[in-house]
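Data file: input-v5.txt. Format and content: compact mmCIF, C-alpha atoms.
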```
# COMPACT_ATOMS: atom_id res chain seq x y z
CA MET A 11 -7.03 27.08 -0.14
CA THR A 12 -9.19 30.09 0.78
CA ASP A 13 -7.68 32.34 3.42
CA VAL A 14 -9.03 31.47 6.86
CA LEU A 15 -9.31 35.14 7.84
CA HIS A 16 -12.81 36.59 7.78
CA PRO A 17 -13.21 39.77 5.65
CA GLU A 18 -14.01 41.67 8.85
CA PHE A 19 -11.12 40.12 10.82
CA ARG A 20 -10.16 42.07 13.95
CA ASP A 21 -6.86 41.83 15.83
CA GLN A 22 -8.40 42.27 19.25
CA PRO A 23 -10.12 40.01 21.80
CA TYR A 24 -13.52 38.66 20.86
CA TRP A 25 -14.57 39.46 24.42
CA TRP A 26 -14.22 43.18 23.78
CA GLU A 27 -17.25 43.12 21.51
CA ALA A 28 -19.36 42.97 24.68
CA ALA A 29 -17.09 44.56 27.32
CA ALA A 30 -14.16 46.57 25.98
CA PRO A 31 -11.79 48.20 28.49
CA ASP A 32 -12.05 51.99 28.53
CA PRO A 33 -8.86 53.41 26.94
CA ALA A 34 -9.52 56.97 28.14
CA PRO A 35 -6.92 58.55 30.44
CA PRO A 36 -8.06 59.35 34.00
CA ALA A 37 -9.89 62.61 34.53
CA ASP A 38 -9.19 62.87 38.26
CA PRO A 39 -5.82 64.11 39.57
CA LEU A 40 -3.55 61.62 41.30
CA PRO A 41 -3.94 61.87 45.10
CA GLY A 42 -0.90 62.65 47.19
CA HIS A 43 -1.46 59.78 49.61
CA ALA A 44 -3.40 56.55 50.00
CA ASP A 45 -3.41 53.89 52.67
CA VAL A 46 -2.67 51.31 49.98
CA VAL A 47 -1.58 51.69 46.37
CA VAL A 48 -2.26 48.72 44.12
CA VAL A 49 -0.27 48.39 40.90
CA GLY A 50 -2.30 46.51 38.33
CA ALA A 51 -6.05 46.81 37.67
CA GLY A 52 -6.73 43.19 36.75
CA TYR A 53 -8.54 40.53 38.76
CA ALA A 54 -5.92 40.27 41.50
CA GLY A 55 -5.46 44.01 42.01
CA LEU A 56 -9.17 44.81 42.02
CA SER A 57 -9.99 41.88 44.30
CA ALA A 58 -7.41 43.05 46.84
CA ALA A 59 -8.55 46.67 46.51
CA LEU A 60 -12.21 45.73 47.02
CA GLU A 61 -11.44 43.90 50.26
CA LEU A 62 -9.26 46.74 51.56
CA ALA A 63 -11.79 49.45 50.72
CA ARG A 64 -14.57 47.56 52.48
CA ALA A 65 -12.30 47.36 55.53
CA GLY A 66 -12.10 51.17 55.57
CA ARG A 67 -8.77 51.73 53.81
CA SER A 68 -8.23 54.39 51.16
CA VAL A 69 -7.07 52.60 48.02
CA ALA A 70 -5.69 53.83 44.70
CA VAL A 71 -5.29 51.33 41.85
CA LEU A 72 -2.82 52.29 39.10
CA ASP A 73 -2.44 50.62 35.73
CA ALA A 74 -0.05 51.37 32.87
CA GLY A 75 -2.80 50.74 30.31
CA SER A 76 -6.55 50.38 30.30
CA ALA A 77 -8.07 48.80 33.39
CA GLY A 78 -8.57 45.20 32.34
CA GLY A 79 -6.71 45.58 29.06
CA GLY A 80 -4.18 42.89 30.00
CA ALA A 81 -4.67 39.22 30.75
CA SER A 82 -7.96 39.74 32.61
CA SER A 83 -9.87 40.33 29.37
CA ARG A 84 -7.75 38.13 27.08
CA SER A 85 -8.00 34.57 28.40
CA VAL A 86 -10.15 31.77 27.00
CA GLY A 87 -12.27 32.09 30.13
CA MET A 88 -11.95 28.57 31.54
CA ILE A 89 -12.43 27.98 35.27
CA GLY A 90 -11.80 25.03 37.57
CA GLY A 91 -10.23 23.91 40.82
CA ARG A 92 -6.99 22.17 39.84
CA LEU A 93 -3.42 23.31 40.36
CA ARG A 94 -1.26 23.26 37.23
CA GLN A 95 1.51 21.59 39.22
CA GLY A 96 1.10 17.81 39.46
CA TYR A 97 1.03 16.06 42.83
CA ALA A 98 4.19 13.99 42.30
CA ALA A 99 6.34 16.98 41.35
CA LEU A 100 4.80 19.17 44.03
CA SER A 101 5.33 16.50 46.70
CA ALA A 102 8.98 16.21 45.70
CA ASP A 103 9.36 19.98 46.16
CA ILE A 104 7.43 20.67 49.37
CA GLY A 105 6.41 17.31 50.83
CA ALA A 106 3.33 15.10 50.46
CA GLY A 107 1.21 16.71 53.16
CA PRO A 108 1.74 20.35 52.14
CA ALA A 109 1.26 19.41 48.47
CA LEU A 110 -2.10 17.82 49.19
CA ASP A 111 -3.09 20.82 51.31
CA LEU A 112 -2.40 23.20 48.42
CA MET A 113 -4.37 21.05 46.00
CA ARG A 114 -7.33 20.96 48.37
CA GLU A 115 -7.12 24.71 48.90
CA THR A 116 -7.18 25.24 45.13
CA ALA A 117 -10.35 23.17 44.91
CA ALA A 118 -11.83 25.21 47.76
CA ALA A 119 -10.76 28.43 46.03
CA TYR A 120 -12.88 27.45 43.04
CA ARG A 121 -15.93 26.95 45.27
CA TRP A 122 -15.20 30.30 46.93
CA PHE A 123 -14.95 31.94 43.51
CA LEU A 124 -18.35 30.71 42.38
CA ASP A 125 -19.90 31.91 45.66
CA PHE A 126 -18.13 35.25 45.26
CA LEU A 127 -19.65 35.81 41.83
CA ALA A 128 -23.09 35.01 43.15
CA ASP A 129 -22.71 37.15 46.28
CA GLU A 130 -21.42 40.13 44.29
CA ASP A 131 -24.06 39.62 41.56
CA ILE A 132 -21.43 39.73 38.81
CA ALA A 133 -23.05 38.64 35.55
CA CYS A 134 -20.34 37.07 33.40
CA ASP A 135 -21.97 34.11 31.63
CA VAL A 136 -20.78 31.48 34.10
CA ALA A 137 -21.69 27.96 32.96
CA GLN A 138 -20.42 24.80 34.67
CA THR A 139 -20.60 22.65 31.57
CA GLY A 140 -17.58 20.57 32.58
CA ARG A 141 -14.23 19.94 30.96
CA ILE A 142 -12.71 17.03 29.07
CA VAL A 143 -8.98 16.51 28.84
CA GLY A 144 -8.31 14.35 25.79
CA ALA A 145 -5.70 11.61 26.09
CA TRP A 146 -3.10 12.16 23.36
CA THR A 147 -1.82 8.58 23.77
CA GLY A 148 -3.02 5.35 25.30
CA ALA A 149 -0.43 5.73 28.05
CA ASP A 150 -1.89 9.16 28.85
CA PHE A 151 -5.31 7.58 29.27
CA VAL A 152 -3.96 5.03 31.75
CA ALA A 153 -2.42 7.89 33.74
CA GLN A 154 -5.75 9.75 33.60
CA GLN A 155 -7.53 6.81 35.20
CA ARG A 156 -5.18 7.04 38.16
CA LEU A 157 -5.56 10.83 38.25
CA ALA A 158 -9.36 10.66 38.29
CA ALA A 159 -9.28 8.35 41.31
CA PHE A 160 -6.78 10.61 43.09
CA LEU A 161 -8.78 13.79 42.47
CA SER A 162 -12.02 12.20 43.62
CA ASP A 163 -10.65 10.37 46.65
CA LYS A 164 -7.96 12.74 47.94
CA VAL A 165 -8.64 16.27 46.65
CA GLY A 166 -12.42 16.48 46.59
CA ILE A 167 -12.76 17.18 42.86
CA ARG A 168 -15.31 15.12 40.96
CA ALA A 169 -13.58 13.33 38.09
CA HIS A 170 -14.02 10.27 35.91
CA THR A 171 -12.65 8.90 32.66
CA VAL A 172 -14.33 8.04 29.38
CA ALA A 173 -12.99 5.27 27.15
CA PRO A 174 -12.76 5.87 23.37
CA ALA A 175 -16.11 4.17 22.75
CA GLY A 176 -17.83 6.74 24.97
CA LEU A 177 -16.18 9.84 23.50
CA PRO A 178 -18.84 10.62 20.83
CA ALA A 179 -21.19 11.65 23.64
CA GLU A 180 -18.55 14.14 24.86
CA ILE A 181 -16.81 15.46 21.75
CA GLY A 182 -17.25 15.25 17.99
CA SER A 183 -13.66 14.18 17.32
CA ASP A 184 -11.85 10.86 16.95
CA LEU A 185 -8.46 12.36 17.84
CA TYR A 186 -8.17 11.09 21.40
CA ARG A 187 -7.51 7.72 23.09
CA GLY A 188 -9.98 8.47 25.87
CA ALA A 189 -10.45 11.44 28.18
CA LEU A 190 -10.55 12.70 31.74
CA VAL A 191 -13.85 14.43 32.56
CA LEU A 192 -14.13 17.17 35.20
CA PRO A 193 -17.88 17.81 35.36
CA ASP A 194 -17.75 20.82 37.69
CA ASP A 195 -15.36 22.92 35.61
CA GLY A 196 -16.80 25.67 33.48
CA GLY A 197 -16.42 28.78 31.40
CA LEU A 198 -17.27 32.44 31.68
CA HIS A 199 -16.88 35.77 29.88
CA PRO A 200 -13.58 37.12 31.26
CA ALA A 201 -14.12 40.74 30.21
CA ARG A 202 -17.57 40.84 31.79
CA LEU A 203 -16.09 39.39 34.97
CA HIS A 204 -13.52 42.17 35.02
CA ALA A 205 -16.13 44.84 34.31
CA GLY A 206 -18.27 43.58 37.18
CA LEU A 207 -15.33 43.45 39.57
CA LEU A 208 -14.32 46.96 38.57
CA ARG A 209 -17.84 48.26 39.26
CA ARG A 210 -17.83 46.69 42.71
CA ALA A 211 -14.42 48.17 43.55
CA VAL A 212 -15.38 51.67 42.44
CA ALA A 213 -18.68 51.45 44.34
CA ALA A 214 -16.70 50.52 47.47
CA GLY A 215 -14.61 53.69 47.13
CA VAL A 216 -11.55 52.46 45.25
CA ALA A 217 -9.96 55.15 43.05
CA VAL A 218 -8.81 53.63 39.74
CA PHE A 219 -6.23 55.37 37.57
CA PRO A 220 -5.64 53.71 34.18
CA GLN A 221 -2.97 55.02 31.79
CA THR A 222 -0.78 55.70 34.83
CA ALA A 223 2.44 53.72 34.57
CA VAL A 224 4.34 53.14 37.79
CA LEU A 225 8.06 53.83 37.35
CA GLY A 226 9.22 52.45 40.67
CA LEU A 227 8.38 51.54 44.27
CA SER A 228 10.66 52.65 47.10
CA ASP A 229 10.06 51.29 50.59
CA GLU A 230 11.10 54.12 52.93
CA GLY A 231 10.36 52.31 56.17
CA ARG A 232 7.13 53.98 57.27
CA GLN A 233 5.74 54.48 53.81
CA VAL A 234 6.19 53.51 50.16
CA ARG A 235 7.11 56.12 47.60
CA VAL A 236 5.27 55.34 44.37
CA SER A 237 6.80 57.11 41.37
CA THR A 238 4.48 57.34 38.35
CA GLN A 239 4.40 59.07 34.99
CA ARG A 240 1.86 61.47 36.53
CA GLY A 241 3.78 62.27 39.69
CA VAL A 242 4.60 60.80 43.10
CA LEU A 243 2.14 59.11 45.41
CA LEU A 244 2.88 58.10 49.02
CA ALA A 245 1.27 55.02 50.52
CA GLY A 246 1.28 53.09 53.75
CA ASP A 247 1.62 49.87 51.72
CA ALA A 248 1.88 48.92 48.06
CA VAL A 249 0.55 45.83 46.32
CA LEU A 250 2.12 44.57 43.11
CA ALA A 251 -0.51 42.70 41.07
CA THR A 252 1.00 42.84 37.60
CA ASN A 253 1.65 39.11 37.04
CA ALA A 254 3.11 38.52 33.54
CA TYR A 255 3.24 42.29 32.96
CA THR A 256 5.72 42.81 35.81
CA GLY A 257 8.31 45.00 34.13
CA ALA A 258 11.83 46.19 34.83
CA ALA A 259 10.48 48.98 37.06
CA PHE A 260 10.15 46.26 39.70
CA PRO A 261 13.55 44.53 39.37
CA TRP A 262 13.30 41.98 42.22
CA HIS A 263 9.89 40.72 41.08
CA HIS A 264 10.78 41.04 37.39
CA ARG A 265 13.44 38.35 37.85
CA ARG A 266 10.92 35.98 39.43
CA ILE A 267 7.90 36.05 37.11
CA ILE A 268 8.30 34.33 33.74
CA PRO A 269 6.15 36.01 31.07
CA VAL A 270 4.92 33.58 28.42
CA GLY A 271 2.96 34.58 25.34
CA SER A 272 -0.42 32.91 24.89
CA TYR A 273 -2.75 33.30 21.92
CA MET A 274 -6.45 33.09 21.24
CA ALA A 275 -8.86 33.20 18.32
CA ALA A 276 -12.57 33.03 17.61
CA THR A 277 -14.32 31.50 14.63
CA GLU A 278 -17.13 33.21 12.81
CA PRO A 279 -20.69 32.21 13.84
CA LEU A 280 -21.05 28.60 12.73
CA PRO A 281 -23.95 26.88 10.97
CA ALA A 282 -26.89 25.97 13.17
CA GLY A 283 -26.26 22.79 15.11
CA LEU A 284 -22.53 22.51 14.37
CA VAL A 285 -21.29 23.62 17.80
CA ARG A 286 -23.72 21.16 19.37
CA ARG A 287 -22.35 18.33 17.21
CA LEU A 288 -18.76 19.18 18.08
CA LEU A 289 -19.42 19.69 21.80
CA PRO A 290 -22.59 17.73 22.64
CA ARG A 291 -22.44 18.62 26.34
CA GLY A 292 -20.81 22.01 25.93
CA ARG A 293 -17.58 20.79 27.54
CA LEU A 294 -14.37 22.78 27.62
CA VAL A 295 -11.59 20.90 25.84
CA ASN A 296 -7.92 20.46 26.70
CA ASP A 297 -5.61 17.55 26.03
CA THR A 298 -2.48 15.95 27.45
CA ARG A 299 0.03 17.32 24.95
CA ARG A 300 2.99 19.20 26.40
CA LEU A 301 2.07 22.14 24.16
CA ALA A 302 -1.15 23.09 25.91
CA TYR A 303 -4.21 23.96 23.85
CA ALA A 304 -7.78 24.89 24.71
CA LEU A 305 -11.08 24.91 22.84
CA ARG A 306 -14.55 25.87 23.99
CA ALA A 307 -17.87 27.17 22.76
CA SER A 308 -18.56 30.88 23.05
CA PRO A 309 -21.06 31.73 25.81
CA ASP A 310 -23.86 32.00 23.23
CA ALA A 311 -22.79 28.64 21.69
CA THR A 312 -22.42 30.06 18.18
CA ARG A 313 -18.62 29.98 17.80
CA ILE A 314 -15.60 27.94 18.77
CA LEU A 315 -12.95 29.79 20.78
CA LEU A 316 -9.36 28.58 20.61
CA GLY A 317 -6.32 29.07 22.78
CA GLY A 318 -2.72 27.93 22.71
CA ARG A 319 0.88 28.82 22.07
CA ALA A 320 0.43 29.59 18.38
CA SER A 321 3.93 30.99 17.92
CA ALA A 322 7.35 30.56 19.51
CA ARG A 323 7.52 34.35 19.73
CA ASP A 324 5.92 36.29 22.58
CA HIS A 325 4.44 38.91 20.25
CA ALA A 326 3.23 37.18 17.09
CA ASP A 327 1.26 38.87 14.35
CA PRO A 328 -2.48 38.24 14.97
CA ARG A 329 -2.90 36.92 11.42
CA THR A 330 -0.21 34.33 12.08
CA VAL A 331 -2.01 33.47 15.31
CA ALA A 332 -5.30 33.05 13.47
CA ARG A 333 -3.87 30.68 10.88
CA SER A 334 -1.95 28.63 13.43
CA LEU A 335 -4.93 28.19 15.74
CA HIS A 336 -7.14 27.39 12.76
CA ARG A 337 -4.81 24.46 12.02
CA LEU A 338 -5.27 23.32 15.62
CA ALA A 339 -9.04 23.56 15.27
CA ARG A 340 -8.99 21.46 12.09
CA THR A 341 -6.87 18.84 13.81
CA VAL A 342 -9.43 18.38 16.58
CA PHE A 343 -12.53 19.20 14.52
CA PRO A 344 -12.10 18.59 10.77
CA GLU A 345 -15.57 20.11 10.24
CA LEU A 346 -14.06 23.52 10.98
CA ALA A 347 -11.90 23.42 7.84
CA THR A 348 -14.03 26.05 6.11
CA ALA A 349 -14.79 28.14 9.20
CA ARG A 350 -13.12 31.54 9.11
CA ILE A 351 -11.48 33.38 11.99
CA THR A 352 -13.02 36.72 12.98
CA HIS A 353 -10.77 37.61 15.93
CA ALA A 354 -7.24 36.73 17.00
CA TRP A 355 -5.22 38.20 19.82
CA GLY A 356 -2.45 37.56 22.29
CA GLY A 357 -1.76 38.01 25.97
CA MET A 358 0.84 37.17 28.58
CA VAL A 359 0.67 34.43 31.21
CA GLY A 360 2.83 34.69 34.33
CA PHE A 361 4.66 31.58 35.55
CA THR A 362 6.81 31.05 38.62
CA VAL A 363 9.88 28.85 38.77
CA ASP A 364 8.13 26.43 41.16
CA ARG A 365 4.82 26.61 39.18
CA LEU A 366 2.93 27.83 42.26
CA PRO A 367 0.95 31.06 42.71
CA ASN A 368 2.44 33.28 45.37
CA ILE A 369 1.45 36.07 47.70
CA GLY A 370 4.15 37.58 49.89
CA SER A 371 5.80 40.71 51.22
CA ARG A 372 9.13 42.51 51.17
CA GLY A 373 8.72 45.17 53.81
CA ARG A 374 5.76 47.35 52.79
CA VAL A 375 5.72 46.09 49.21
CA HIS A 376 3.41 43.12 48.87
CA HIS A 377 2.60 40.98 45.84
CA VAL A 378 0.12 38.56 44.36
CA LEU A 379 1.81 36.99 41.33
CA GLY A 380 2.37 33.90 39.23
CA CYS A 381 -1.01 32.27 38.65
CA ASN A 382 0.58 29.88 36.11
CA GLY A 383 -2.36 29.81 33.73
CA SER A 384 -5.12 29.58 36.36
CA GLY A 385 -5.55 33.31 36.80
CA VAL A 386 -9.31 33.72 36.50
CA VAL A 387 -9.96 31.86 39.74
CA MET A 388 -6.63 32.09 41.55
CA ALA A 389 -5.90 35.78 40.89
CA THR A 390 -9.33 36.72 42.22
CA TYR A 391 -9.02 34.42 45.22
CA LEU A 392 -5.46 35.34 46.17
CA GLY A 393 -6.10 39.04 45.64
CA ASN A 394 -8.93 38.73 48.14
CA ARG A 395 -6.68 36.87 50.59
CA LEU A 396 -3.93 39.47 50.31
CA GLY A 397 -6.46 42.25 50.84
CA ARG A 398 -7.68 40.54 54.01
CA ARG A 399 -4.10 40.01 55.14
CA LEU A 400 -3.29 43.73 54.86
CA ALA A 401 -6.61 44.79 56.38
CA GLY A 402 -6.21 42.39 59.30
CA THR A 403 -9.62 40.83 58.68
CA ALA A 404 -10.67 37.21 59.10
CA GLY A 405 -10.18 34.66 56.35
CA ALA A 406 -6.71 35.74 55.22
CA GLU A 407 -5.14 32.33 55.76
CA THR A 408 -3.71 30.60 52.70
CA GLY A 409 -0.95 28.14 51.98
CA PHE A 410 0.09 30.26 49.00
CA ALA A 411 1.34 33.05 51.32
CA ARG A 412 5.07 32.37 51.25
CA ASP A 413 7.62 35.14 51.60
CA GLY A 414 10.48 34.66 49.21
CA LEU A 415 9.76 33.98 45.56
CA PRO A 416 12.19 31.60 43.82
CA THR A 417 14.13 32.53 40.71
CA HIS A 418 16.74 30.90 38.47
CA PRO A 419 20.27 32.19 37.82
CA LEU A 420 19.74 32.03 34.03
CA PHE A 421 16.50 34.03 34.09
CA ARG A 422 16.73 37.81 33.97
CA GLY A 423 13.14 38.74 33.17
CA ARG A 424 12.93 37.56 29.54
CA ALA A 425 11.72 34.05 28.70
CA TRP A 426 14.43 33.47 26.07
CA PHE A 427 14.13 29.70 26.54
CA MET A 428 10.46 29.46 25.49
CA SER A 429 11.15 29.29 21.76
CA PRO A 430 13.48 26.24 21.90
CA LEU A 431 11.37 24.69 24.66
CA SER A 432 8.17 25.00 22.61
CA ALA A 433 9.90 23.46 19.60
CA TRP A 434 11.15 20.56 21.74
CA TYR A 435 7.69 20.02 23.22
CA GLY A 436 6.24 19.87 19.72
CA VAL A 437 8.80 17.23 18.71
CA ARG A 438 8.06 15.17 21.81
CA ASP A 439 4.29 15.39 21.26
CA ARG A 440 4.61 14.17 17.68
CA ALA A 441 7.00 11.40 18.68
CA ASP A 442 4.67 10.22 21.45
CA ARG A 443 1.75 10.12 19.03
CA LEU A 444 3.73 8.22 16.41
CA ALA A 445 4.86 5.66 18.98
CA ASP A 446 1.28 5.29 20.15
CA ARG A 447 0.04 4.69 16.59
CA LEU A 448 2.70 2.06 16.03
CA ARG A 449 1.79 0.30 19.25
CA HIS A 450 -1.88 0.22 18.33
CA ARG A 451 -1.28 -0.20 14.59
CA GLN A 452 -4.04 2.32 13.95
CA ILE A 453 -4.13 5.19 11.50
CA PRO A 454 -6.52 7.84 12.91
CA ARG A 455 -8.93 9.47 10.52
CA SER A 456 -8.25 12.99 11.82
CA PRO A 457 -5.27 14.82 10.30
CA GLN A 458 -2.28 15.07 12.55
CA PRO A 459 -0.43 18.33 13.29
```
Output the file's structure in the form of structure tokens.
Amino acid sequence: MTDVLHPEFRDQPYWWEAAAPDPAPPADPLPGHADVVVVGAGYAGLSAALELARAGRSVAVLDAGSAGGGASSRSVGMIGGRLRQGYAALSADIGAGPALDLMRETAAAYRWFLDFLADEDIACDVAQTGRIVGAWTGADFVAQQRLAAFLSDKVGIRAHTVAPAGLPAEIGSDLYRGALVLPDDGGLHPARLHAGLLRRAVAAGVAVFPQTAVLGLSDEGRQVRVSTQRGVLLAGDAVLATNAYTGAAFPWHHRRIIPVGSYMAATEPLPAGLVRRLLPRGRLVNDTRRLAYALRASPDATRILLGGRASARDHADPRTVARSLHRLARTVFPELATARITHAWGGMVGFTVDRLPNIGSRGRVHHVLGCNGSGVVMATYLGNRLGRRLAGTAGAETGFARDGLPTHPLFRGRAWFMSPLSAWYGVRDRADRLADRLRHRQIPRSPQP
């Protein structure tokens, strides 16, 4: 078989073709003091910094790499208003009422996010084309019918299901047993979103210092001592907005954020009409497998973009990523068998033990962390809320502000368990599908992974 890699294959995000982070070191000297120092120049850090600067605070944002070079310019760019944590599990943890409140706030955060983009005039190819979540098994489809009713009736998220006979109008694949449809979800260009947010922050007076690694934060009571590779900076408060890139320089937080490798790829431009046949309504695509995957059209509708855990390792070779995600694409869309991959890349997603995003404080060191795979919307929203909280402005209230971030005694900052867990999930997914085929006595036409 011909290699799936395009002759001009690039091991960097497809998004960087239009909006690459600037790798240049900062030209300005590091100030000696700022009202607030923000560590991390992604969505969360810039959103918090923007709110603080507009409230009259002096703000310095520091990043170990390029501003936006981390997760903020590496995701698949899907947006929506659902929590990753399910209602049943969340209710068992925090109670039915608080669980429903958080789910409703997440839906409201999505509406806020769309308004924010419009108000700030950030052009990032937003398109609410909707999302389908394919049912991997018949039992999954039954559960989706209940979920659609719950989301519509209790959470305020429009949702409905589509039986197998109706799927050709939604997706050019016979892989699924039905699907959940979320018509208000959408996609955007994550790097353009970051670039626009960065421009707004700088225009508001935020000083951004990329290539400035923070070596430690020391709360000294009346101020925070920020030690960096370029010297020491004193601040009234510090905000940690590093999510999955929270390193050992921040030991308490490092033991509470689980970094998980996630991988993405982009096909070459496809023949005219093919993307339309595969995605007739332009929907984003996920499914109910334990090993989460994502597919979508590029903003210009010429390519298919893929996302998933392509390797059990957190730092897989991009060529391995490309071939693995190409197999996924062929499973869902056999017509992509001859499509080559032009870009493949990886990034890190930050999870919390309780699967909930968190903003909180330990003295003068504050954090916005653990978006659990919903970072485009939630990092921007919670960064804004934390900024308002520190500035003392209206609208800071959120149920995700909870001091104390849970950890696990077996976790010390490295997700050593992800490799065996991913393998086990893969076994379970295949077993569920086999059992489903035996129950229905059907042999699907699409190849199985």
Using only C-alpha atoms, which protein or nucleic acid residues come within 8 Å of Leu40 of chain A? Drop anything in the same chain fewer than 3 positions from it, and give the result as a compact mmCIF listing (two decimals) with C-alpha atoms, in the frame of the given file.
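This went into part34.txt:
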```
# COMPACT_ATOMS: atom_id res chain seq x y z
CA PHE A 219 -6.23 55.37 37.57
CA ARG A 240 1.86 61.47 36.53
CA GLY A 241 3.78 62.27 39.69
CA LEU A 243 2.14 59.11 45.41
```
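Residues of protein, DNA or RNA having at least one counted atom within 8 Å of (-6.8, 2.8, 27.2), given all atoms listed in the file, are Gly148, Ala149, Phe151, Val152, Ala173, Pro174, Arg187 and Gly188 of chain A.
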**segment 389-397 of chain A surroundings by all atoms listed in the file, 6 Å radius, close-in-sequence under 4 positions cut, as a ChimeraX atom specification** = /A:53-54,57-58,61-62,385,406
Next, write the just-selected residues to a file, as a short mmCIF file (atom, residue, chain, number, x, y, z; two decimals), in the coordinates of the input, keeping C-alpha atoms as the atom set.
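out08.cif, written as the output of this step:
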```cif
data_model
loop_
_atom_site.label_atom_id
_atom_site.label_comp_id
_atom_site.auth_asym_id
_atom_site.auth_seq_id
_atom_site.Cartn_x
_atom_site.Cartn_y
_atom_site.Cartn_z
CA TYR A 53 -8.54 40.53 38.76
CA ALA A 54 -5.92 40.27 41.50
CA SER A 57 -9.99 41.88 44.30
CA ALA A 58 -7.41 43.05 46.84
CA GLU A 61 -11.44 43.90 50.26
CA LEU A 62 -9.26 46.74 51.56
CA GLY A 385 -5.55 33.31 36.80
CA ALA A 406 -6.71 35.74 55.22
#
```
**Request:** Identify, on the basis of all atoms listed in the file, every residue whose closest approach to Ser384 of chain A does not exceed 9 Å; exclude the query and any residue fewer than 5 positions from it along the same chain; express the result as a ChimeraX atom specification.
**Result:** /A:88-94,367,389
**Request:** Tell me, as number ranges by chain, which residues lie within 8 Å of Ala311 of chain A, counting only C-alpha atoms; anything in the same chain fewer than 4 positions away does not count.
**Result:** A: 285-286, 307
Written file, previous selection with C-alpha atoms, as a PDB file, in the frame of the given file:
```pdb
ATOM      1  CA  VAL A 285     -21.290  23.620  17.800  1.00  0.00           C
ATOM      2  CA  ARG A 286     -23.720  21.160  19.370  1.00  0.00           C
ATOM      3  CA  ALA A 307     -17.870  27.170  22.760  1.00  0.00           C
TER       4      ALA A 307
END
```
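Interatomic distance, atom CA of Ala65 of chain A to atom CA of Thr238 of chain A: 26.0 Å.
In this model, the gap between atom CA of Leu431 of chain A and atom CA of Gly271 of chain A comes to 13.0 Å.
Proximity of A:Ile268, A:Val378, A:Ile369, A:Ala106 to Thr252 of chain A, computed with all atoms listed in the file, is greatest for A:Val378.
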**Fill in**
In terms of all atoms listed in the file, the residue from A:Glu278, A:Glu345, A:Asp413, A:Asp297 at minimal distance from Phe19 of chain A is A:Glu278
**Prompt:** Between atom CA of Ala201 of chain A and atom CA of Gly78 of chain A, what is the spacing in Å?
**Reply:** 7.4 Å
**Prompt:** Hey, what's within 8 Å of segment 439-446 of chain A if we count only C-alpha atoms and toss same-chain stuff fewer than 4 positions away? As a PyMOL selection string, please?
**Reply:** chain A and resi 146-148+299-301+435+450+459
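Minimum atom-to-atom distances from A:Arg424, A:Arg412, A:Arg141, A:Arg156 to Pro290 of chain A were compared using all atoms listed in the file, and the lowest value belongs to A:Arg141.
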Could you give me, as a tab-separated table, a per-residue list for segment 156-263 of chain A showing, wherever an atom lies at most 12 Å from an atom of segment 26-33 of chain A, the closest pair of atoms and their distance in Å to one decimal, using all atoms listed in the file and sorting by chain then residue number from low to high?
```
residue	atom	partner	partner_atom	distance
A:His199	CA	A:Ala29	CA	9.2
A:Pro200	CA	A:Ala29	CA	9.1
A:Ala201	CA	A:Ala29	CA	5.6
A:Arg202	CA	A:Ala29	CA	5.8
A:Leu203	CA	A:Ala29	CA	9.3
A:His204	CA	A:Ala29	CA	8.8
A:Ala205	CA	A:Ala29	CA	7.1
A:Gly206	CA	A:Ala29	CA	10.0
A:Leu208	CA	A:Pro31	CA	10.5
A:Val218	CA	A:Asp32	CA	11.8
A:Phe219	CA	A:Pro33	CA	11.1
A:Pro220	CA	A:Pro33	CA	7.9
A:Gln221	CA	A:Pro33	CA	7.8
A:Thr222	CA	A:Pro33	CA	11.5
```
**Fill in**
Nearest to Ala347 of chain A, restricted to only C-alpha atoms and choosing among A:Thr277, A:Cys381, A:Pro35, A:Gly318, comes out as A:Thr277
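Considering all atoms listed in the file, the residue among A:Gly373, A:Gly182, A:Gly96, A:Pro344 positioned nearest to Arg232 of chain A is A:Gly373.
With all atoms listed in the file as the basis for measurement, A:Ala248 is the residue among A:Leu316, A:Leu289, A:Ala248, A:Ala339 that approaches Gln233 of chain A most closely.
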Could the centre and edge lengths of an axis-aligned box, enclosing all atoms of segment 41-57 of chain A in the file with 3 Å extra on each side, be given in Å to one decimal as AutoDock Vina command-line options?
```
--center_x -5.1 --center_y 51.5 --center_z 44.7 --size_x 15.7 --size_y 28.4 --size_z 21.9
```
